[in-house]
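The file run.pdb contains PDB, C-alpha atoms:
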```
ATOM      1  CA  MET A 223     -80.429 -75.490 -34.043
ATOM      2  CA  VAL A 224     -77.675 -75.445 -36.644
ATOM      3  CA  LYS A 225     -75.456 -78.403 -37.506
ATOM      4  CA  ILE A 226     -71.777 -77.601 -37.991
ATOM      5  CA  VAL A 227     -68.518 -79.552 -37.761
ATOM      6  CA  ILE A 228     -65.956 -78.360 -35.222
ATOM      7  CA  ASN A 229     -62.520 -79.964 -35.433
ATOM      8  CA  GLY A 230     -63.949 -82.898 -37.334
ATOM      9  CA  ARG A 231     -66.791 -83.530 -34.898
ATOM     10  CA  ALA A 232     -70.459 -82.949 -35.837
ATOM     11  CA  THR A 233     -71.997 -80.537 -33.370
ATOM     12  CA  GLU A 234     -75.328 -78.740 -32.941
ATOM     13  CA  ILE A 235     -75.298 -75.128 -31.888
ATOM     14  CA  ALA A 236     -78.015 -72.527 -31.338
ATOM     15  CA  ASP A 237     -79.240 -70.455 -34.268
ATOM     16  CA  ASN A 238     -77.319 -67.236 -34.889
ATOM     17  CA  THR A 239     -74.305 -68.248 -32.812
ATOM     18  CA  GLY A 240     -71.407 -65.919 -33.496
ATOM     19  CA  LEU A 241     -67.869 -67.189 -33.931
ATOM     20  CA  ARG A 242     -66.587 -65.159 -30.986
ATOM     21  CA  ASP A 243     -69.306 -66.523 -28.663
ATOM     22  CA  LEU A 244     -68.548 -70.067 -29.769
ATOM     23  CA  VAL A 245     -64.799 -69.757 -29.153
ATOM     24  CA  VAL A 246     -65.379 -68.136 -25.781
ATOM     25  CA  SER A 247     -67.704 -70.999 -24.814
ATOM     26  CA  CYS A 248     -64.885 -73.497 -25.415
ATOM     27  CA  LYS A 249     -62.324 -74.055 -22.696
ATOM     28  CA  VAL A 250     -59.563 -72.306 -24.576
ATOM     29  CA  LYS A 251     -57.730 -69.021 -24.433
ATOM     30  CA  PRO A 252     -59.141 -67.036 -27.379
ATOM     31  CA  GLU A 253     -55.873 -65.121 -27.922
ATOM     32  CA  ALA A 254     -54.109 -68.398 -28.749
ATOM     33  CA  VAL A 255     -56.751 -69.674 -31.168
ATOM     34  CA  VAL A 256     -56.684 -69.583 -34.946
ATOM     35  CA  ALA A 257     -60.140 -70.045 -36.470
ATOM     36  CA  VAL A 258     -60.334 -71.624 -39.921
ATOM     37  CA  LEU A 259     -63.869 -71.519 -41.296
ATOM     38  CA  ASN A 260     -64.483 -73.526 -44.472
ATOM     39  CA  ASP A 261     -60.753 -73.412 -45.225
ATOM     40  CA  HIS A 262     -60.380 -69.658 -44.680
ATOM     41  CA  VAL A 263     -58.558 -68.175 -41.726
ATOM     42  CA  ILE A 264     -60.830 -65.661 -39.977
ATOM     43  CA  GLY A 265     -58.975 -62.780 -38.344
ATOM     44  CA  LYS A 266     -59.941 -62.139 -34.723
ATOM     45  CA  ASP A 267     -61.263 -58.688 -35.617
ATOM     46  CA  LEU A 268     -63.966 -60.413 -37.682
ATOM     47  CA  TRP A 269     -65.015 -63.004 -35.106
ATOM     48  CA  THR A 270     -67.841 -60.858 -33.733
ATOM     49  CA  ASP A 271     -69.327 -60.328 -37.185
ATOM     50  CA  ILE A 272     -69.292 -63.953 -38.298
ATOM     51  CA  VAL A 273     -72.423 -66.012 -37.662
ATOM     52  CA  LEU A 274     -72.134 -69.760 -38.095
ATOM     53  CA  ASN A 275     -74.377 -71.385 -40.679
ATOM     54  CA  GLU A 276     -75.670 -74.892 -41.319
ATOM     55  CA  GLY A 277     -72.930 -77.120 -42.748
ATOM     56  CA  ASP A 278     -70.015 -74.871 -41.769
ATOM     57  CA  ARG A 279     -66.733 -76.633 -41.146
ATOM     58  CA  LEU A 280     -64.794 -74.917 -38.387
ATOM     59  CA  GLU A 281     -61.255 -75.765 -37.352
ATOM     60  CA  LEU A 282     -59.909 -74.253 -34.156
ATOM     61  CA  VAL A 283     -56.158 -74.644 -34.141
ATOM     62  CA  SER A 284     -53.289 -73.328 -32.120
ATOM     63  CA  ILE A 285     -49.516 -73.159 -32.073
ATOM     64  CA  VAL A 286     -48.045 -75.950 -29.942
ATOM     65  CA  GLY A 287     -44.556 -77.204 -29.196
ATOM     66  CA  GLY A 288     -42.869 -79.081 -32.022
ATOM     67  CA  GLY A 289     -39.488 -79.998 -33.430
TER      68      GLY A 289
ATOM     69  CA  MET B  10     -12.409 -64.412 -41.545
ATOM     70  CA  GLU B  11     -16.079 -63.575 -41.765
ATOM     71  CA  ASP B  12     -18.300 -66.613 -41.255
ATOM     72  CA  ARG B  13     -21.889 -65.895 -42.182
ATOM     73  CA  LEU B  14     -24.939 -68.108 -42.270
ATOM     74  CA  VAL B  15     -27.680 -66.701 -44.466
ATOM     75  CA  ILE B  16     -31.000 -68.481 -44.907
ATOM     76  CA  GLY B  17     -33.765 -67.009 -46.988
ATOM     77  CA  GLY B  18     -31.957 -63.672 -47.106
ATOM     78  CA  ARG B  19     -31.700 -63.479 -43.321
ATOM     79  CA  GLU B  20     -28.343 -63.610 -41.557
ATOM     80  CA  LEU B  21     -28.326 -65.845 -38.498
ATOM     81  CA  LYS B  22     -25.643 -65.391 -35.874
ATOM     82  CA  SER B  23     -26.412 -68.720 -34.238
ATOM     83  CA  ARG B  24     -26.031 -72.043 -36.023
ATOM     84  CA  PHE B  25     -28.218 -73.713 -33.410
ATOM     85  CA  LEU B  26     -31.894 -74.091 -34.264
ATOM     86  CA  ILE B  27     -34.074 -75.393 -31.471
ATOM     87  CA  GLY B  28     -37.439 -77.145 -31.317
ATOM     88  CA  THR B  29     -40.125 -76.531 -28.710
ATOM     89  CA  GLY B  30     -41.683 -79.998 -28.353
ATOM     90  CA  LYS B  31     -41.583 -82.290 -25.319
ATOM     91  CA  PHE B  32     -40.595 -79.687 -22.722
ATOM     92  CA  GLY B  33     -42.189 -80.612 -19.417
ATOM     93  CA  ASN B  34     -42.264 -77.012 -18.274
ATOM     94  CA  LYS B  35     -42.854 -74.006 -20.521
ATOM     95  CA  GLN B  36     -40.847 -71.609 -18.378
ATOM     96  CA  VAL B  37     -37.863 -73.974 -18.590
ATOM     97  CA  MET B  38     -38.401 -74.103 -22.352
ATOM     98  CA  ARG B  39     -38.180 -70.325 -22.485
ATOM     99  CA  GLU B  40     -34.953 -70.297 -20.494
ATOM    100  CA  ALA B  41     -33.508 -73.070 -22.661
ATOM    101  CA  ILE B  42     -34.271 -71.070 -25.827
ATOM    102  CA  VAL B  43     -32.631 -67.987 -24.360
ATOM    103  CA  SER B  44     -29.585 -69.997 -23.251
ATOM    104  CA  SER B  45     -29.270 -71.706 -26.625
ATOM    105  CA  GLY B  46     -28.766 -68.405 -28.411
ATOM    106  CA  ALA B  47     -31.036 -69.737 -31.183
ATOM    107  CA  GLU B  48     -32.775 -67.167 -33.364
ATOM    108  CA  LEU B  49     -34.960 -69.630 -35.234
ATOM    109  CA  VAL B  50     -37.346 -71.880 -33.318
ATOM    110  CA  THR B  51     -39.712 -74.562 -34.610
ATOM    111  CA  VAL B  52     -43.328 -74.903 -33.500
ATOM    112  CA  ALA B  53     -46.289 -76.961 -34.733
ATOM    113  CA  LEU B  54     -49.920 -76.197 -35.528
ATOM    114  CA  ARG B  55     -52.577 -78.449 -34.015
ATOM    115  CA  ARG B  56     -56.317 -78.759 -33.528
ATOM    116  CA  ILE B  57     -57.292 -77.493 -30.121
ATOM    117  CA  ASP B  58     -58.841 -79.828 -27.603
ATOM    118  CA  ILE B  59     -61.938 -77.739 -26.954
ATOM    119  CA  GLU B  60     -62.734 -79.605 -23.756
ATOM    120  CA  ASN B  61     -59.461 -78.714 -22.071
ATOM    121  CA  ASN B  62     -57.579 -75.597 -21.254
ATOM    122  CA  ASN B  63     -54.688 -75.254 -23.628
ATOM    123  CA  GLU B  64     -51.547 -73.465 -22.582
ATOM    124  CA  ASN B  65     -50.488 -70.682 -24.931
ATOM    125  CA  ILE B  66     -46.931 -71.653 -25.844
ATOM    126  CA  LEU B  67     -46.347 -68.362 -27.671
ATOM    127  CA  ALA B  68     -46.349 -66.571 -24.345
ATOM    128  CA  PHE B  69     -43.167 -68.481 -23.506
ATOM    129  CA  ILE B  70     -41.201 -67.795 -26.678
ATOM    130  CA  PRO B  71     -38.798 -64.849 -26.328
ATOM    131  CA  GLU B  72     -39.720 -61.761 -28.373
ATOM    132  CA  ASN B  73     -36.716 -61.601 -30.700
ATOM    133  CA  ILE B  74     -37.151 -65.166 -31.970
ATOM    134  CA  THR B  75     -38.324 -66.055 -35.483
ATOM    135  CA  LEU B  76     -40.929 -68.808 -35.547
ATOM    136  CA  MET B  77     -40.705 -71.576 -38.078
ATOM    137  CA  ILE B  78     -43.935 -73.542 -38.349
ATOM    138  CA  ASN B  79     -43.459 -77.229 -39.056
ATOM    139  CA  THR B  80     -45.999 -79.161 -41.073
ATOM    140  CA  SER B  81     -45.978 -82.176 -38.777
ATOM    141  CA  GLY B  82     -49.142 -84.175 -39.170
ATOM    142  CA  ALA B  83     -49.058 -83.721 -42.951
ATOM    143  CA  ARG B  84     -49.117 -87.031 -44.843
ATOM    144  CA  ASN B  85     -48.721 -85.523 -48.292
ATOM    145  CA  ALA B  86     -47.721 -82.315 -50.060
ATOM    146  CA  ARG B  87     -51.276 -80.976 -50.181
ATOM    147  CA  GLU B  88     -51.686 -81.174 -46.403
ATOM    148  CA  ALA B  89     -48.272 -79.615 -45.795
ATOM    149  CA  VAL B  90     -49.148 -76.693 -48.067
ATOM    150  CA  ARG B  91     -52.458 -76.221 -46.268
ATOM    151  CA  ILE B  92     -50.813 -76.101 -42.828
ATOM    152  CA  ALA B  93     -48.210 -73.584 -44.005
ATOM    153  CA  ARG B  94     -50.847 -71.329 -45.556
ATOM    154  CA  ILE B  95     -53.067 -71.407 -42.465
ATOM    155  CA  ALA B  96     -50.077 -70.459 -40.320
ATOM    156  CA  ARG B  97     -49.127 -67.575 -42.576
ATOM    157  CA  GLU B  98     -52.695 -66.288 -42.829
ATOM    158  CA  ALA B  99     -52.907 -66.434 -39.053
ATOM    159  CA  GLY B 100     -49.923 -64.119 -38.839
ATOM    160  CA  TYR B 101     -47.142 -66.537 -37.933
ATOM    161  CA  GLY B 102     -44.856 -65.531 -40.788
ATOM    162  CA  ASN B 103     -43.511 -67.278 -43.843
ATOM    163  CA  TRP B 104     -40.825 -69.562 -42.433
ATOM    164  CA  VAL B 105     -41.859 -73.182 -42.804
ATOM    165  CA  LYS B 106     -40.207 -76.489 -42.009
ATOM    166  CA  ILE B 107     -41.740 -79.043 -44.328
ATOM    167  CA  GLU B 108     -42.282 -82.356 -42.670
ATOM    168  CA  VAL B 109     -44.267 -84.905 -44.669
ATOM    169  CA  ILE B 110     -44.455 -88.250 -42.936
ATOM    170  CA  ASN B 111     -46.475 -91.369 -43.658
ATOM    171  CA  ASP B 112     -44.607 -93.855 -41.586
ATOM    172  CA  SER B 113     -45.423 -93.891 -37.887
ATOM    173  CA  ARG B 114     -42.696 -96.278 -36.701
ATOM    174  CA  TYR B 115     -39.608 -94.538 -38.050
ATOM    175  CA  LEU B 116     -41.165 -91.162 -38.904
ATOM    176  CA  LEU B 117     -39.146 -90.993 -42.097
ATOM    177  CA  PRO B 118     -39.840 -88.041 -44.372
ATOM    178  CA  ASP B 119     -41.372 -88.728 -47.785
ATOM    179  CA  ASN B 120     -38.878 -87.046 -50.107
ATOM    180  CA  TYR B 121     -41.159 -87.117 -53.161
ATOM    181  CA  GLU B 122     -44.061 -85.345 -51.427
ATOM    182  CA  THR B 123     -41.572 -83.033 -49.699
ATOM    183  CA  VAL B 124     -40.225 -81.840 -53.054
ATOM    184  CA  LYS B 125     -43.766 -81.153 -54.279
ATOM    185  CA  ALA B 126     -44.627 -79.168 -51.146
ATOM    186  CA  THR B 127     -41.347 -77.234 -51.362
ATOM    187  CA  GLU B 128     -42.048 -76.264 -54.951
ATOM    188  CA  ALA B 129     -45.572 -75.032 -54.174
ATOM    189  CA  LEU B 130     -44.633 -73.080 -51.060
ATOM    190  CA  ALA B 131     -41.429 -71.532 -52.404
ATOM    191  CA  ALA B 132     -43.393 -70.307 -55.443
ATOM    192  CA  ASP B 133     -45.918 -68.827 -53.001
ATOM    193  CA  GLY B 134     -43.277 -66.744 -51.210
ATOM    194  CA  PHE B 135     -42.471 -68.966 -48.242
ATOM    195  CA  ILE B 136     -38.977 -69.510 -46.882
ATOM    196  CA  VAL B 137     -38.935 -73.277 -47.072
ATOM    197  CA  LEU B 138     -36.710 -75.588 -45.045
ATOM    198  CA  PRO B 139     -37.550 -79.199 -45.889
ATOM    199  CA  TYR B 140     -36.829 -82.101 -43.534
ATOM    200  CA  MET B 141     -35.518 -84.869 -45.778
ATOM    201  CA  ASN B 142     -33.906 -88.248 -46.140
ATOM    202  CA  PRO B 143     -30.269 -87.572 -47.055
ATOM    203  CA  ASP B 144     -30.498 -88.524 -50.715
ATOM    204  CA  LEU B 145     -28.422 -86.593 -53.247
ATOM    205  CA  TYR B 146     -31.025 -86.591 -56.019
ATOM    206  CA  ALA B 147     -33.783 -85.464 -53.681
ATOM    207  CA  ALA B 148     -31.484 -82.744 -52.362
ATOM    208  CA  ARG B 149     -30.893 -81.463 -55.900
ATOM    209  CA  ASP B 150     -34.640 -81.545 -56.566
ATOM    210  CA  LEU B 151     -35.259 -79.551 -53.384
ATOM    211  CA  VAL B 152     -32.708 -76.940 -54.415
ATOM    212  CA  ARG B 153     -34.357 -76.665 -57.827
ATOM    213  CA  ALA B 154     -37.757 -76.439 -56.133
ATOM    214  CA  GLY B 155     -36.615 -73.368 -54.214
ATOM    215  CA  ALA B 156     -35.646 -74.665 -50.760
ATOM    216  CA  ALA B 157     -33.873 -72.042 -48.631
ATOM    217  CA  ALA B 158     -31.907 -74.810 -46.878
ATOM    218  CA  ILE B 159     -32.144 -78.580 -46.701
ATOM    219  CA  MET B 160     -32.463 -80.515 -43.471
ATOM    220  CA  PRO B 161     -31.300 -84.135 -43.664
ATOM    221  CA  LEU B 162     -31.943 -86.386 -40.690
ATOM    222  CA  GLY B 163     -28.985 -87.615 -38.638
ATOM    223  CA  SER B 164     -31.076 -90.544 -37.406
ATOM    224  CA  PHE B 165     -34.728 -91.195 -36.550
ATOM    225  CA  ILE B 166     -36.680 -88.343 -34.937
ATOM    226  CA  GLY B 167     -36.321 -88.357 -31.172
ATOM    227  CA  SER B 168     -34.089 -91.451 -31.202
ATOM    228  CA  ASN B 169     -30.933 -89.752 -29.841
ATOM    229  CA  GLN B 170     -28.920 -92.094 -32.077
ATOM    230  CA  GLY B 171     -26.788 -89.304 -33.498
ATOM    231  CA  LEU B 172     -25.273 -89.185 -36.964
ATOM    232  CA  ARG B 173     -26.127 -92.663 -38.163
ATOM    233  CA  LEU B 174     -26.570 -91.386 -41.715
ATOM    234  CA  LYS B 175     -23.300 -89.483 -41.739
ATOM    235  CA  ILE B 176     -21.869 -90.973 -44.933
ATOM    236  CA  LEU B 177     -24.926 -89.783 -46.855
ATOM    237  CA  ILE B 178     -24.936 -86.373 -45.175
ATOM    238  CA  ASP B 179     -21.245 -86.064 -46.124
ATOM    239  CA  VAL B 180     -22.260 -86.517 -49.763
ATOM    240  CA  LEU B 181     -24.744 -83.641 -49.474
ATOM    241  CA  ILE B 182     -22.143 -81.424 -47.791
ATOM    242  CA  GLU B 183     -19.732 -82.172 -50.616
ATOM    243  CA  GLU B 184     -22.171 -81.815 -53.505
ATOM    244  CA  ILE B 185     -24.765 -79.213 -52.477
ATOM    245  CA  ASP B 186     -23.281 -75.719 -52.419
ATOM    246  CA  GLU B 187     -26.347 -73.692 -53.299
ATOM    247  CA  VAL B 188     -28.121 -73.763 -49.915
ATOM    248  CA  PRO B 189     -27.156 -74.371 -46.285
ATOM    249  CA  ILE B 190     -27.355 -77.907 -44.885
ATOM    250  CA  ILE B 191     -28.915 -78.223 -41.451
ATOM    251  CA  VAL B 192     -28.707 -81.582 -39.721
ATOM    252  CA  ASP B 193     -32.083 -82.223 -38.125
ATOM    253  CA  ALA B 194     -33.387 -85.141 -36.060
ATOM    254  CA  GLY B 195     -31.711 -87.784 -33.973
ATOM    255  CA  ILE B 196     -28.985 -85.556 -32.539
ATOM    256  CA  GLY B 197     -28.770 -86.856 -28.964
ATOM    257  CA  LEU B 198     -25.591 -85.342 -27.598
ATOM    258  CA  PRO B 199     -23.519 -82.192 -28.018
ATOM    259  CA  SER B 200     -20.746 -84.414 -29.431
ATOM    260  CA  HIS B 201     -23.104 -85.530 -32.223
ATOM    261  CA  ALA B 202     -23.799 -81.892 -33.047
ATOM    262  CA  ALA B 203     -20.094 -81.043 -32.943
ATOM    263  CA  ARG B 204     -19.354 -83.923 -35.307
ATOM    264  CA  ALA B 205     -21.961 -82.695 -37.779
ATOM    265  CA  MET B 206     -20.468 -79.204 -37.695
ATOM    266  CA  GLU B 207     -16.901 -80.517 -37.988
ATOM    267  CA  ALA B 208     -18.012 -82.404 -41.092
ATOM    268  CA  GLY B 209     -19.153 -79.147 -42.656
ATOM    269  CA  ALA B 210     -22.858 -78.915 -41.873
ATOM    270  CA  ASP B 211     -23.999 -75.284 -41.716
ATOM    271  CA  ALA B 212     -26.270 -75.647 -38.679
ATOM    272  CA  VAL B 213     -27.994 -78.176 -36.436
ATOM    273  CA  LEU B 214     -31.608 -78.411 -35.274
ATOM    274  CA  VAL B 215     -32.137 -80.079 -31.896
ATOM    275  CA  ASN B 216     -35.294 -80.638 -29.876
ATOM    276  CA  THR B 217     -35.622 -83.895 -27.934
ATOM    277  CA  ALA B 218     -32.068 -83.994 -26.582
ATOM    278  CA  VAL B 219     -32.540 -80.613 -24.930
ATOM    279  CA  ALA B 220     -36.196 -80.982 -23.942
ATOM    280  CA  VAL B 221     -35.859 -84.346 -22.183
ATOM    281  CA  ALA B 222     -32.546 -83.598 -20.439
ATOM    282  CA  ALA B 223     -32.720 -83.477 -16.654
ATOM    283  CA  ASP B 224     -31.546 -79.861 -16.946
ATOM    284  CA  PRO B 225     -32.667 -78.536 -20.359
ATOM    285  CA  VAL B 226     -31.178 -75.082 -19.807
ATOM    286  CA  ARG B 227     -27.721 -76.477 -19.131
ATOM    287  CA  MET B 228     -28.045 -78.887 -22.061
ATOM    288  CA  ALA B 229     -28.949 -75.997 -24.363
ATOM    289  CA  VAL B 230     -25.719 -74.270 -23.339
ATOM    290  CA  ALA B 231     -23.757 -77.494 -23.912
ATOM    291  CA  PHE B 232     -25.169 -77.811 -27.430
ATOM    292  CA  SER B 233     -24.483 -74.172 -28.166
ATOM    293  CA  LYS B 234     -20.810 -74.567 -27.223
ATOM    294  CA  ALA B 235     -20.487 -77.849 -29.152
ATOM    295  CA  ILE B 236     -21.976 -76.343 -32.306
ATOM    296  CA  GLU B 237     -19.682 -73.353 -32.085
ATOM    297  CA  ALA B 238     -16.663 -75.572 -31.411
ATOM    298  CA  GLY B 239     -17.540 -77.850 -34.324
ATOM    299  CA  ARG B 240     -17.907 -74.891 -36.650
ATOM    300  CA  MET B 241     -14.552 -73.441 -35.601
ATOM    301  CA  ALA B 242     -12.887 -76.837 -36.086
ATOM    302  CA  CYS B 243     -14.393 -77.080 -39.546
ATOM    303  CA  LEU B 244     -13.040 -73.652 -40.486
ATOM    304  CA  ALA B 245      -9.677 -74.425 -38.886
ATOM    305  CA  GLY B 246      -9.164 -77.450 -41.139
ATOM    306  CA  ALA B 247      -8.470 -80.732 -39.383
ATOM    307  CA  GLY B 248      -5.416 -82.911 -39.944
ATOM    308  CA  ARG B 249      -5.902 -86.235 -41.697
ATOM    309  CA  GLU B 250      -6.392 -89.449 -39.776
ATOM    310  CA  GLN B 251      -3.339 -91.750 -40.006
ATOM    311  CA  ARG B 252      -3.299 -95.535 -39.689
ATOM    312  CA  THR B 253      -0.044 -95.578 -37.705
ATOM    313  CA  ALA B 254       1.641 -93.290 -35.208
ATOM    314  CA  ALA B 255       3.135 -90.008 -36.336
ATOM    315  CA  ALA B 256       5.431 -88.540 -33.686
ATOM    316  CA  SER B 257       4.515 -85.171 -32.248
ATOM    317  CA  SER B 258       8.014 -84.660 -30.805
ATOM    318  CA  PRO B 259      11.194 -84.821 -32.864
ATOM    319  CA  LEU B 260      12.615 -88.363 -32.696
ATOM    320  CA  ALA B 261      16.121 -87.495 -33.828
ATOM    321  CA  GLY B 262      18.815 -85.419 -32.127
ATOM    322  CA  PHE B 263      18.309 -86.885 -28.646
ATOM    323  CA  LEU B 264      20.757 -85.665 -26.044
ATOM    324  CA  TYR B 265      22.485 -89.024 -25.622
ATOM    325  CA  ASN B 266      22.663 -89.902 -29.322
ATOM    326  CA  GLU B 267      26.184 -90.747 -30.484
TER     327      GLU B 267
END
```
Kindly transcribe the structure held in the file into structure tokens.
Amino acid sequence: MVKIVINGRATEIADNTGLRDLVVSCKVKPEAVVAVLNDHVIGKDLWTDIVLNEGDRLELVSIVGGG
Amino acid sequence: MEDRLVIGGRELKSRFLIGTGKFGNKQVMREAIVSSGAELVTVALRRIDIENNNENILAFIPENITLMINTSGARNAREAVRIARIAREAGYGNWVKIEVINDSRYLLPDNYETVKATEALAADGFIVLPYMNPDLYAARDLVRAGAAAIMPLGSFIGSNQGLRLKILIDVLIEEIDEVPIIVDAGIGLPSHAARAMEAGADAVLVNTAVAVAADPVRMAVAFSKAIEAGRMACLAGAGREQRTAAASSPLAGFLYNE
């Protein structure tokens, strides 16, 4: 298992989990998600190639209504 | 006479900017945006709740609209800059409404941190519209920092109290010629928006008053008309207020005068 932080919460995931698989496993619509890994935005075309590593900090954010 | 509003090099036909928060129904939000005629719409960036299905708000924003990401949630300049950069890297463009707030009761913007964020983001190529307390010195600092417009609050966010800070906004309208002035926050009624435009504001940003109306689409139309009317009145040049009566009809030469 690999320990990472998703949206501020410590989480354990299986070894060699890809970013795309992780996002798809969450109850979100992938097309609306922006992935920020260790402070870098990861374009959706790279999600399949990125494997999450121990200590990674992942932020999954999205555009919402606001004034 | 030509009456143009240009912000960040872009000409806007509508002087009504609309926010997308608090709408109970996303389809109604879409119709309200269309009815408002607004070309610039604010949105926010938030962490996703990974346990729940999140609705994709972008699917409900009409195609020809320019998004302006706000930095709500930022407590200092550094956080505001980070939000803006994430949004741009994610492909949401370079329009940003800076909103730096520490105070949770009145949600007042921190002018000092706002100036710092404006400076950093303008230098980085963003079109920066800072939400600010209507203070003349801060306004001048924001202009120097590269703001594309300044957005003083009329009253507290979401309070519907209208133009409580009008005397200070009037000072900005009189003294700041370099960039447009957009009254943001607290505008509760079309008459408040009209009054801001009559006073010489260049545009108005409204969210709550439209979103929480019983009929948001109709309210968007009402605001649109009020903003246009206020602008026309401003250009037309209003007569001065008088303390006593001034007859509209001639008082002399009456038929029965001797």
### Query
Taking all atoms listed in the file into account, what are the residues of chain B at most 10 Å from chain A, put as a PyMOL selection string?
chain B and resi 26-32+35+38+50-68+77-81+91+94-101+106+108+166-167+193-194+214-217
### Query
Which is closest to Asn85 of chain B among B:Glu128, B:Glu72, B:Glu20, B:Glu122, if we use only C-alpha atoms?
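Distance minimum relative to Asn85 of chain B lands on B:Glu122.
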### Message
Assuming the chain letters and numbering stay as they are in my file, what does the PyMOL selection byres ((chain B and resi 14) around 9) actually select? List them as a list in words.
### Response
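Matching residues under the PyMOL selection byres ((chain B and resi 14) around 9) are Asp12, Arg13, Val15, Ile16, Arg19, Glu20, Leu21, Lys22, Ser23, Arg24, Pro189, Asp211 and Ala212 of chain B.
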Identify the residues within 9 Å of coordinate (-29.7, -89.1, -27.3) (same frame as the file), considering all atoms listed in the file, and give the answer as a CSV table (one decimal) with C-alpha atoms, in the frame of the given file.
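Produced file out32.csv, reproduced below:
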```csv
chain,number,residue,atom,x,y,z
B,167,GLY,CA,-36.3,-88.4,-31.2
B,168,SER,CA,-34.1,-91.5,-31.2
B,169,ASN,CA,-30.9,-89.8,-29.8
B,170,GLN,CA,-28.9,-92.1,-32.1
B,171,GLY,CA,-26.8,-89.3,-33.5
B,195,GLY,CA,-31.7,-87.8,-34.0
B,196,ILE,CA,-29.0,-85.6,-32.5
B,197,GLY,CA,-28.8,-86.9,-29.0
B,198,LEU,CA,-25.6,-85.3,-27.6
B,201,HIS,CA,-23.1,-85.5,-32.2
B,217,THR,CA,-35.6,-83.9,-27.9
B,218,ALA,CA,-32.1,-84.0,-26.6
```
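The spacing separating atom CA of Ile136 of chain B from atom CA of Val90 of chain B amounts to 12.5 Å.
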### Query
What is the atom CA of Leu138 of chain B-atom CA of Asn111 of chain B distance in Å, reported with one decimal?
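According to the coordinates, atom CA of Leu138 of chain B and atom CA of Asn111 of chain B are separated by 18.6 Å.
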